[in-house]
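Student: Sharing coords.csv (CSV, C-alpha atoms) below.
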```csv
chain,number,residue,atom,x,y,z
A,1,MET,CA,4.5,-6.7,-19.5
A,2,LEU,CA,4.0,-7.6,-15.8
A,3,TYR,CA,1.3,-5.1,-15.0
A,4,ASP,CA,-2.1,-4.4,-16.5
A,5,ILE,CA,-3.9,-1.1,-15.5
A,6,LYS,CA,-7.1,-2.3,-17.2
A,7,ASN,CA,-9.3,0.9,-17.4
A,8,TRP,CA,-6.2,3.1,-17.5
A,9,LEU,CA,-4.2,1.0,-20.0
A,10,VAL,CA,-4.0,3.9,-22.5
A,11,VAL,CA,-2.1,6.0,-19.9
A,12,PHE,CA,0.3,3.2,-19.4
A,13,ILE,CA,0.9,2.8,-23.1
A,14,LEU,CA,1.4,6.5,-23.7
A,15,SER,CA,3.8,6.8,-20.8
A,16,GLU,CA,5.8,3.7,-21.8
A,17,THR,CA,6.2,4.9,-25.3
A,18,SER,CA,6.5,8.6,-25.3
A,19,GLY,CA,6.8,9.8,-21.7
A,20,SER,CA,4.8,12.9,-22.9
A,21,PHE,CA,1.5,12.1,-21.1
A,22,GLU,CA,2.1,12.9,-17.5
A,23,LEU,CA,-0.5,13.0,-14.7
A,24,LYS,CA,-0.5,14.8,-11.4
A,25,LEU,CA,-1.5,12.2,-8.9
A,26,ALA,CA,-2.3,11.6,-5.2
A,27,ALA,CA,-1.5,8.3,-3.6
A,28,LEU,CA,-3.7,6.4,-1.2
A,29,TYR,CA,-0.9,5.5,1.1
A,30,SER,CA,-0.7,3.0,4.0
A,31,GLY,CA,3.0,2.5,4.2
A,32,GLY,CA,2.7,-1.1,3.1
A,33,LYS,CA,4.4,-2.8,0.2
A,34,ASP,CA,1.6,-2.4,-2.4
A,35,SER,CA,0.8,1.3,-1.9
A,36,THR,CA,4.6,2.1,-1.8
A,37,PHE,CA,5.4,0.0,-4.9
A,38,SER,CA,2.4,1.6,-6.8
A,39,ILE,CA,4.0,5.0,-6.2
A,40,PHE,CA,7.4,3.7,-7.4
A,41,ARG,CA,5.7,2.2,-10.5
A,42,VAL,CA,3.8,5.4,-11.6
A,43,LYS,CA,6.9,7.6,-11.0
A,44,GLN,CA,8.9,5.2,-13.2
A,45,LEU,CA,6.3,5.9,-15.9
A,46,GLY,CA,6.9,9.7,-15.6
A,47,HIS,CA,3.9,10.7,-13.6
A,48,GLU,CA,4.1,13.1,-10.6
A,49,VAL,CA,2.9,12.1,-7.1
A,50,VAL,CA,2.2,15.4,-5.4
A,51,SER,CA,0.4,14.2,-2.3
A,52,LEU,CA,0.0,11.2,-0.1
A,53,LEU,CA,-3.3,10.4,1.6
A,54,THR,CA,-3.5,8.1,4.6
A,55,MET,CA,-7.0,7.0,5.9
A,56,ARG,CA,-7.1,5.8,9.5
A,57,PRO,CA,-10.0,3.4,9.9
A,58,MET,CA,-11.8,2.7,13.2
A,59,ALA,CA,-12.2,-1.0,12.3
A,60,ASP,CA,-9.1,-3.2,12.4
A,61,ASP,CA,-10.7,-5.4,9.7
A,62,SER,CA,-11.5,-2.6,7.4
A,63,PRO,CA,-12.0,-3.9,3.8
A,64,LEU,CA,-10.9,-0.7,2.2
A,65,PHE,CA,-8.0,0.6,4.3
A,66,HIS,CA,-4.9,-0.6,6.1
A,67,HIS,CA,-5.1,-0.4,9.9
A,68,PRO,CA,-1.9,-1.2,11.8
A,69,ASN,CA,0.7,1.5,12.5
A,70,THR,CA,-0.8,4.1,10.1
A,71,TRP,CA,0.9,6.9,12.2
A,72,VAL,CA,4.3,5.8,10.7
A,73,THR,CA,3.3,7.1,7.3
A,74,GLN,CA,4.2,10.6,8.4
A,75,TYR,CA,7.8,9.4,8.6
A,76,LEU,CA,7.7,7.6,5.3
A,77,ALA,CA,6.3,10.7,3.6
A,78,GLU,CA,9.2,12.6,5.0
A,79,ALA,CA,11.6,9.9,3.7
A,80,MET,CA,10.0,10.4,0.2
A,81,LYS,CA,9.8,14.2,0.5
A,82,ILE,CA,6.1,14.1,-0.5
A,83,PRO,CA,3.4,16.0,1.5
A,84,ILE,CA,0.9,13.9,3.4
A,85,LYS,CA,-2.6,14.3,4.8
A,86,SER,CA,-3.7,11.7,7.4
A,87,LEU,CA,-7.4,11.5,8.3
A,88,GLN,CA,-9.4,9.5,10.8
A,89,VAL,CA,-12.4,7.7,9.5
A,90,ASN,CA,-15.4,8.3,11.7
A,91,GLY,CA,-17.6,5.1,11.4
A,92,ARG,CA,-17.1,1.5,10.5
A,93,SER,CA,-19.4,0.9,7.6
A,94,LYS,CA,-18.5,0.9,3.9
A,95,ASP,CA,-20.6,4.0,3.5
A,96,ASP,CA,-18.7,5.7,6.3
A,97,GLU,CA,-15.4,4.8,4.7
A,98,THR,CA,-16.2,5.7,1.2
A,99,LYS,CA,-17.8,9.0,2.3
A,100,ALA,CA,-14.6,9.9,4.2
A,101,LEU,CA,-12.4,9.0,1.3
A,102,GLY,CA,-14.5,11.0,-1.2
A,103,GLU,CA,-14.3,14.1,1.0
A,104,ALA,CA,-10.6,13.7,1.5
A,105,LEU,CA,-10.0,13.3,-2.3
A,106,ALA,CA,-12.1,16.3,-3.0
A,107,GLN,CA,-10.0,18.4,-0.6
A,108,THR,CA,-6.8,17.0,-2.2
A,109,ARG,CA,-8.0,17.8,-5.7
A,110,SER,CA,-8.8,21.4,-4.7
A,111,LEU,CA,-5.5,21.8,-3.0
A,112,TYR,CA,-3.2,20.1,-5.5
A,113,GLY,CA,-5.2,20.0,-8.7
A,114,ILE,CA,-4.8,16.2,-8.9
A,115,GLU,CA,-6.0,14.3,-12.0
A,116,GLY,CA,-6.1,10.9,-10.4
A,117,ILE,CA,-5.2,8.7,-7.5
A,118,VAL,CA,-2.9,5.7,-7.4
A,119,TYR,CA,-3.6,2.8,-5.0
A,120,GLY,CA,-2.1,-0.6,-4.4
A,121,GLY,CA,-5.0,-2.9,-5.4
A,122,ILE,CA,-4.1,-6.2,-6.9
A,123,SER,CA,-7.2,-8.4,-7.0
A,124,SER,CA,-9.8,-6.9,-4.7
A,125,ASN,CA,-12.8,-6.1,-6.8
A,126,TYR,CA,-14.5,-4.7,-3.7
A,127,GLN,CA,-11.8,-2.1,-3.3
A,128,LYS,CA,-11.6,-1.5,-7.1
A,129,GLN,CA,-15.3,-0.8,-7.4
A,130,ALA,CA,-15.5,1.5,-4.4
A,131,PHE,CA,-12.5,3.6,-5.5
A,132,GLU,CA,-13.6,3.8,-9.1
A,133,GLU,CA,-17.1,5.0,-8.1
A,134,ILE,CA,-15.6,7.7,-5.9
A,135,CYS,CA,-13.2,8.9,-8.6
A,136,ALA,CA,-15.9,8.8,-11.3
A,137,ARG,CA,-18.0,11.3,-9.2
A,138,LEU,CA,-14.9,13.5,-8.8
A,139,GLN,CA,-14.0,13.1,-12.5
A,140,ILE,CA,-10.5,11.9,-11.7
A,141,ALA,CA,-8.8,8.6,-12.6
A,142,ALA,CA,-8.4,5.6,-10.3
A,143,ILE,CA,-5.1,3.9,-11.1
A,144,ALA,CA,-4.0,0.5,-9.9
A,145,PRO,CA,-0.7,-0.3,-11.5
A,146,LEU,CA,-0.4,-3.6,-9.8
A,147,TRP,CA,-3.8,-4.9,-10.9
A,148,ASN,CA,-3.7,-8.6,-11.8
A,149,ALA,CA,0.0,-8.9,-11.0
A,150,GLU,CA,1.2,-12.5,-10.7
A,151,PRO,CA,1.8,-13.1,-7.0
A,152,GLN,CA,5.2,-14.9,-7.1
A,153,LYS,CA,6.7,-12.6,-9.7
A,154,TYR,CA,5.4,-9.5,-7.9
A,155,MET,CA,6.8,-10.5,-4.5
A,156,SER,CA,10.1,-11.4,-6.0
A,157,GLU,CA,10.3,-8.1,-7.8
A,158,LEU,CA,9.8,-6.2,-4.6
A,159,ILE,CA,12.9,-7.9,-3.1
A,160,GLU,CA,14.9,-7.5,-6.3
A,161,ARG,CA,14.1,-3.8,-6.5
A,162,GLY,CA,15.5,-3.2,-3.0
A,163,PHE,CA,12.2,-3.0,-1.0
A,164,SER,CA,12.8,-3.8,2.7
A,165,ILE,CA,9.4,-5.0,4.0
A,166,VAL,CA,8.4,-6.0,7.5
A,167,ILE,CA,5.2,-8.0,8.4
A,168,VAL,CA,3.2,-6.0,10.9
A,169,ALA,CA,0.0,-8.1,11.2
A,170,VAL,CA,-1.1,-11.6,10.4
A,171,SER,CA,-4.6,-13.1,10.2
A,172,ALA,CA,-4.5,-16.4,8.3
A,173,MET,CA,-4.1,-20.0,9.0
A,174,GLY,CA,-0.4,-20.9,8.5
A,175,LEU,CA,0.9,-17.5,9.7
A,176,ASP,CA,1.7,-17.5,13.4
A,177,LYS,CA,3.2,-15.1,15.8
A,178,GLU,CA,6.8,-15.8,14.6
A,179,TRP,CA,6.0,-13.8,11.4
A,180,LEU,CA,5.3,-10.6,13.4
A,181,GLY,CA,8.1,-8.2,12.8
A,182,ARG,CA,9.8,-10.5,10.3
A,183,GLN,CA,11.4,-9.0,7.1
A,184,ILE,CA,10.4,-10.5,3.8
A,185,ASP,CA,13.7,-11.5,2.2
A,186,LYS,CA,14.3,-14.3,-0.3
A,187,SER,CA,14.3,-17.0,2.4
A,188,ALA,CA,11.1,-15.7,4.0
A,189,LEU,CA,9.4,-15.5,0.6
A,190,GLY,CA,10.2,-19.1,-0.2
A,191,ARG,CA,8.6,-20.1,3.1
A,192,LEU,CA,5.6,-17.9,2.6
A,193,ALA,CA,5.1,-19.4,-0.9
A,194,ALA,CA,5.1,-22.9,0.5
A,195,LEU,CA,2.6,-21.8,3.3
A,196,ALA,CA,0.4,-20.1,0.8
A,197,LYS,CA,0.2,-23.2,-1.3
A,198,LYS,CA,-0.5,-25.4,1.7
A,199,TYR,CA,-3.1,-23.3,3.4
A,200,GLY,CA,-4.6,-21.5,0.4
A,201,PHE,CA,-4.0,-17.9,1.3
A,202,ASN,CA,-3.0,-15.2,-1.2
A,203,LEU,CA,0.8,-14.8,-1.3
A,204,THR,CA,0.4,-11.0,-1.8
A,205,PHE,CA,-1.9,-10.8,1.3
A,206,GLU,CA,-4.5,-9.1,-0.8
A,207,GLY,CA,-7.3,-10.8,1.3
A,208,GLY,CA,-6.0,-9.3,4.5
A,209,GLU,CA,-4.0,-12.4,5.5
A,210,ALA,CA,-1.2,-10.1,6.6
A,211,GLU,CA,-0.2,-6.4,6.6
A,212,THR,CA,3.2,-5.0,5.8
A,213,LEU,CA,5.4,-1.9,6.3
A,214,VAL,CA,8.1,-0.7,4.0
A,215,THR,CA,11.2,0.5,5.9
A,216,ASP,CA,13.4,1.2,2.9
A,217,CYS,CA,13.1,1.3,-0.9
A,218,PRO,CA,14.5,3.3,-3.9
A,219,LEU,CA,11.9,6.1,-3.2
A,220,PHE,CA,13.3,6.9,0.3
A,221,HIS,CA,16.0,9.5,0.8
A,222,LYS,CA,16.4,8.0,4.3
A,223,LYS,CA,15.4,4.6,5.7
A,224,LEU,CA,13.1,3.9,8.6
A,225,ARG,CA,14.5,2.4,11.8
A,226,ILE,CA,12.1,0.7,14.2
A,227,ASN,CA,13.4,1.5,17.6
A,228,SER,CA,10.8,-0.3,19.7
A,229,ALA,CA,7.8,-2.5,19.0
A,230,THR,CA,5.5,-5.0,20.8
A,231,SER,CA,4.0,-8.2,19.3
A,232,HIS,CA,0.4,-8.9,20.3
A,233,TRP,CA,-0.9,-12.5,19.6
A,234,ASP,CA,-4.4,-13.8,20.5
A,235,GLY,CA,-3.9,-17.3,19.3
A,236,GLN,CA,-5.2,-16.8,15.8
A,237,ARG,CA,-4.0,-13.4,14.7
A,238,GLY,CA,-1.6,-10.8,15.8
A,239,ILE,CA,-0.2,-7.3,15.4
A,240,PHE,CA,3.3,-6.0,15.5
A,241,GLU,CA,2.7,-2.7,17.2
A,242,ILE,CA,5.4,-0.2,16.4
A,243,ARG,CA,6.0,2.3,19.3
A,244,ASP,CA,8.9,4.3,18.2
A,245,VAL,CA,10.7,5.0,14.9
A,246,SER,CA,13.3,7.3,13.4
A,247,LEU,CA,14.7,8.2,10.0
A,248,VAL,CA,18.4,7.4,9.5
A,249,ASP,CA,20.8,7.9,6.7
A,250,LYS,CA,21.3,5.1,4.2
```
Could I get this structure in the form of structure tokens?
Tutor:
Amino acid sequence: MLYDIKNWLVVFILSETSGSFELKLAALYSGGKDSTFSIFRVKQLGHEVVSLLTMRPMADDSPLFHHPNTWVTQYLAEAMKIPIKSLQVNGRSKDDETKALGEALAQTRSLYGIEGIVYGGISSNYQKQAFEEICARLQIAAIAPLWNAEPQKYMSELIERGFSIVIVAVSAMGLDKEWLGRQIDKSALGRLAALAKKYGFNLTFEGGEAETLVTDCPLFHKKLRINSATSHWDGQRGIFEIRDVSLVDK
């Protein structure tokens, strides 16, 4: 088994074996590869994702939330036919961000009757602790179906499953401006793996080395087309700022 849900392992086992234990979930959604694949994974297991929640942080180096191009999640939610709520985080501290998320989840629980949230954490104990503490207070489950995934296997599976992924930010030695806007295909993944080994960054970008955006996957009824974008590079890090998108038929 590739994935280990740790504290929610019993749900994973029940779902795999019987399919009779289903949860109503909200997804903490950035539009990136990990949050999108987490939705794909829990839906595979028979759970229902009834709402998406996008948090828009003030800080571009937020340790809890994805920053670049969060407005695009409105289009991706439409592509998945799942309702979405997008909220601005007022403040830059961890307390500001966790308070905002707690309030947003409480509202989502009241509106949809959710029993848990799913998020795309892989190895960040900082995120895991913060999300689990919030969910414990709300008495809902915090589910990370990608937790402890082996980086090379996980990245390869994304491609094999038909996920089209674009790099929209880079912030690590070894990743230069040429990666901005580049799709992660087999060739790119091979190069990324070599760079990760050479420079010591996480191949899944869990440490913030890069950010991604999914433009197509099996969950989408339509695919996202990027009509215009601008690359910003300061010599050490950069952002692929998406200016206009549309949904098109597959």
Student: Considering all atoms listed in the file, give me a table of residues in stretch 113-208 of chain A that are at most 9 Å from stretch 91-105 of chain A, with the closest atom pair and distance in Å for each, as JSON lines.
Tutor:
```
{"residue": "A:Ile114", "atom": "CA", "partner": "A:Leu105", "partner_atom": "CA", "distance": 8.9}
{"residue": "A:Ile117", "atom": "CA", "partner": "A:Leu105", "partner_atom": "CA", "distance": 8.4}
{"residue": "A:Ala130", "atom": "CA", "partner": "A:Thr98", "partner_atom": "CA", "distance": 7.0}
{"residue": "A:Phe131", "atom": "CA", "partner": "A:Thr98", "partner_atom": "CA", "distance": 7.9}
{"residue": "A:Ile134", "atom": "CA", "partner": "A:Gly102", "partner_atom": "CA", "distance": 5.8}
{"residue": "A:Cys135", "atom": "CA", "partner": "A:Gly102", "partner_atom": "CA", "distance": 7.8}
{"residue": "A:Arg137", "atom": "CA", "partner": "A:Gly102", "partner_atom": "CA", "distance": 8.7}
{"residue": "A:Leu138", "atom": "CA", "partner": "A:Gly102", "partner_atom": "CA", "distance": 8.0}
```
Student: Using 12 Å as the limit and counting only C-alpha atoms, can you tabulate each residue of stretch 54-170 of chain A that touches stretch 196-217 of chain A, with its shortest atom-to-atom distance in Å and the two atoms involved, as JSON lines?
Tutor:
```
{"residue": "A:Asp60", "atom": "CA", "partner": "A:Gly208", "partner_atom": "CA", "distance": 10.5}
{"residue": "A:Asp61", "atom": "CA", "partner": "A:Gly208", "partner_atom": "CA", "distance": 8.0}
{"residue": "A:Ser62", "atom": "CA", "partner": "A:Gly208", "partner_atom": "CA", "distance": 9.1}
{"residue": "A:Pro63", "atom": "CA", "partner": "A:Gly208", "partner_atom": "CA", "distance": 8.1}
{"residue": "A:Leu64", "atom": "CA", "partner": "A:Gly208", "partner_atom": "CA", "distance": 10.2}
{"residue": "A:Phe65", "atom": "CA", "partner": "A:Gly208", "partner_atom": "CA", "distance": 10.1}
{"residue": "A:His66", "atom": "CA", "partner": "A:Glu211", "partner_atom": "CA", "distance": 7.5}
{"residue": "A:His67", "atom": "CA", "partner": "A:Glu211", "partner_atom": "CA", "distance": 8.4}
{"residue": "A:Pro68", "atom": "CA", "partner": "A:Glu211", "partner_atom": "CA", "distance": 7.5}
{"residue": "A:Asn69", "atom": "CA", "partner": "A:Leu213", "partner_atom": "CA", "distance": 8.5}
{"residue": "A:Thr70", "atom": "CA", "partner": "A:Leu213", "partner_atom": "CA", "distance": 9.4}
{"residue": "A:Trp71", "atom": "CA", "partner": "A:Leu213", "partner_atom": "CA", "distance": 11.5}
{"residue": "A:Val72", "atom": "CA", "partner": "A:Leu213", "partner_atom": "CA", "distance": 8.9}
{"residue": "A:Thr73", "atom": "CA", "partner": "A:Leu213", "partner_atom": "CA", "distance": 9.3}
{"residue": "A:Tyr75", "atom": "CA", "partner": "A:Thr215", "partner_atom": "CA", "distance": 9.9}
{"residue": "A:Leu76", "atom": "CA", "partner": "A:Thr215", "partner_atom": "CA", "distance": 7.9}
{"residue": "A:Ala77", "atom": "CA", "partner": "A:Thr215", "partner_atom": "CA", "distance": 11.5}
{"residue": "A:Ala79", "atom": "CA", "partner": "A:Asp216", "partner_atom": "CA", "distance": 8.9}
{"residue": "A:Met80", "atom": "CA", "partner": "A:Cys217", "partner_atom": "CA", "distance": 9.7}
{"residue": "A:Gly120", "atom": "CA", "partner": "A:Glu206", "partner_atom": "CA", "distance": 9.5}
{"residue": "A:Gly121", "atom": "CA", "partner": "A:Glu206", "partner_atom": "CA", "distance": 7.7}
{"residue": "A:Ile122", "atom": "CA", "partner": "A:Glu206", "partner_atom": "CA", "distance": 6.8}
{"residue": "A:Ser123", "atom": "CA", "partner": "A:Glu206", "partner_atom": "CA", "distance": 6.8}
{"residue": "A:Ser124", "atom": "CA", "partner": "A:Glu206", "partner_atom": "CA", "distance": 6.9}
{"residue": "A:Asn125", "atom": "CA", "partner": "A:Glu206", "partner_atom": "CA", "distance": 10.7}
{"residue": "A:Tyr126", "atom": "CA", "partner": "A:Gly207", "partner_atom": "CA", "distance": 10.7}
{"residue": "A:Gln127", "atom": "CA", "partner": "A:Glu206", "partner_atom": "CA", "distance": 10.4}
{"residue": "A:Leu146", "atom": "CA", "partner": "A:Thr204", "partner_atom": "CA", "distance": 10.9}
{"residue": "A:Trp147", "atom": "CA", "partner": "A:Glu206", "partner_atom": "CA", "distance": 11.0}
{"residue": "A:Asn148", "atom": "CA", "partner": "A:Glu206", "partner_atom": "CA", "distance": 11.0}
{"residue": "A:Ala149", "atom": "CA", "partner": "A:Thr204", "partner_atom": "CA", "distance": 9.4}
{"residue": "A:Glu150", "atom": "CA", "partner": "A:Thr204", "partner_atom": "CA", "distance": 9.1}
{"residue": "A:Pro151", "atom": "CA", "partner": "A:Thr204", "partner_atom": "CA", "distance": 5.8}
{"residue": "A:Gln152", "atom": "CA", "partner": "A:Leu203", "partner_atom": "CA", "distance": 7.3}
{"residue": "A:Lys153", "atom": "CA", "partner": "A:Thr204", "partner_atom": "CA", "distance": 10.2}
{"residue": "A:Tyr154", "atom": "CA", "partner": "A:Thr204", "partner_atom": "CA", "distance": 8.0}
{"residue": "A:Met155", "atom": "CA", "partner": "A:Thr204", "partner_atom": "CA", "distance": 7.0}
{"residue": "A:Ser156", "atom": "CA", "partner": "A:Thr204", "partner_atom": "CA", "distance": 10.6}
{"residue": "A:Glu157", "atom": "CA", "partner": "A:Thr204", "partner_atom": "CA", "distance": 11.9}
{"residue": "A:Leu158", "atom": "CA", "partner": "A:Cys217", "partner_atom": "CA", "distance": 9.0}
{"residue": "A:Ile159", "atom": "CA", "partner": "A:Cys217", "partner_atom": "CA", "distance": 9.5}
{"residue": "A:Glu160", "atom": "CA", "partner": "A:Cys217", "partner_atom": "CA", "distance": 10.5}
{"residue": "A:Arg161", "atom": "CA", "partner": "A:Cys217", "partner_atom": "CA", "distance": 7.6}
{"residue": "A:Gly162", "atom": "CA", "partner": "A:Cys217", "partner_atom": "CA", "distance": 5.5}
{"residue": "A:Phe163", "atom": "CA", "partner": "A:Cys217", "partner_atom": "CA", "distance": 4.4}
{"residue": "A:Ser164", "atom": "CA", "partner": "A:Asp216", "partner_atom": "CA", "distance": 5.0}
{"residue": "A:Ile165", "atom": "CA", "partner": "A:Val214", "partner_atom": "CA", "distance": 4.5}
{"residue": "A:Val166", "atom": "CA", "partner": "A:Leu213", "partner_atom": "CA", "distance": 5.2}
{"residue": "A:Ile167", "atom": "CA", "partner": "A:Thr212", "partner_atom": "CA", "distance": 4.4}
{"residue": "A:Val168", "atom": "CA", "partner": "A:Thr212", "partner_atom": "CA", "distance": 5.2}
{"residue": "A:Ala169", "atom": "CA", "partner": "A:Glu211", "partner_atom": "CA", "distance": 4.9}
{"residue": "A:Val170", "atom": "CA", "partner": "A:Ala210", "partner_atom": "CA", "distance": 4.1}
```
Student: For a test of reading the model, state the distance in Å between atom CA of A:Leu87 and atom CA of A:Gly113, rounded to one decimal.
Tutor: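 Distance between the two atoms: 19.1 Å.
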Student: Atom CA of A:Ala27 and atom CA of A:Ala142, how far apart in Å?
Tutor: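 Answer for the atom CA of A:Ala142 to atom CA of A:Ala27 separation: 10.0 Å.
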Student: Around all listed atoms of stretch 225-230 of chain A, padded 3 Å per side, what centre and edge lengths does the axis-aligned box have in Å to one decimal, as lines of an AutoDock Vina configuration file?
Tutor:
```
center_x = 10.0
center_y = -1.3
center_z = 16.3
size_x = 15.0
size_y = 13.4
size_z = 15.0
```
Student: What's around stretch 228-239 of chain A at 8 Å? Count all atoms listed in the file, leave out sequence neighbours fewer than 2 positions away in its own chain, and write the answer as a list in words.
Tutor: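 With the cut-off at 8 Å, the set is Pro68, Val168, Ala169, Val170, Ser171, Ala172, Met173, Asp176, Lys177, Leu180, Gly181, Ile226, Glu241, Ile242, Arg243, Asp244 and Val245 of chain A.
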Student: For a cutoff of 9 Å around the file-coordinate point (0.6, 21.8, -3.7), which residues qualify once you count all atoms listed in the file? I'd like the result as a PyMOL selection string.
Tutor: chain A and resi 50-51+83+108+111-113
Student: A:Leu247, A:Ala26, A:Leu192, A:Ile39: which is nearest A:Glu115, counting only C-alpha atoms?
Tutor: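 Of A:Leu247, A:Ala26, A:Leu192, A:Ile39, the one nearest A:Glu115 is A:Ala26, counting only C-alpha atoms.
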Student: One decimal, Å: what's the distance from atom CA of A:Tyr119 over to atom CA of A:Leu28, could you say?
Tutor: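 Distance between the two atoms: 5.2 Å.
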Student: When you look at A:Gln88 with a cut-off of 9 Å (counting only C-alpha atoms), what residues show up, excluding the ones that are within fewer than 2 positions of it in the same chain? I need them as an MDAnalysis selection string.
Tutor: chainID A and resid 54:58 86 90 100
Student: Considering all atoms listed in the file, state which residue in the set A:Arg109, A:Lys250, A:Lys128, A:His221 is at the smallest distance from A:Ile82.
Tutor: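 Ranking A:Arg109, A:Lys250, A:Lys128, A:His221 by distance to A:Ile82, first place goes to A:His221.
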Student: Using all atoms listed in the file, can you tell me which of A:Glu78, A:Glu48, A:Asp185, A:Glu132 comes closest to A:Leu23?
Tutor: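 Closest to A:Leu23 of all the choices is A:Glu48.
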Student: Compare A:Glu22, A:Lys33, A:Ile140, A:Pro145 by their minimum atom-to-atom distance to A:Ser110, counting all atoms listed in the file, and give me the closest one.
Tutor: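 The answer is A:Ile140, which sits nearest to A:Ser110.
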Student: Between A:Thr36, A:Gln107, A:Lys186, A:Leu52, which one has atoms that come closest to A:Leu219, using all atoms listed in the file?
Tutor: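 Closest candidate: A:Thr36.
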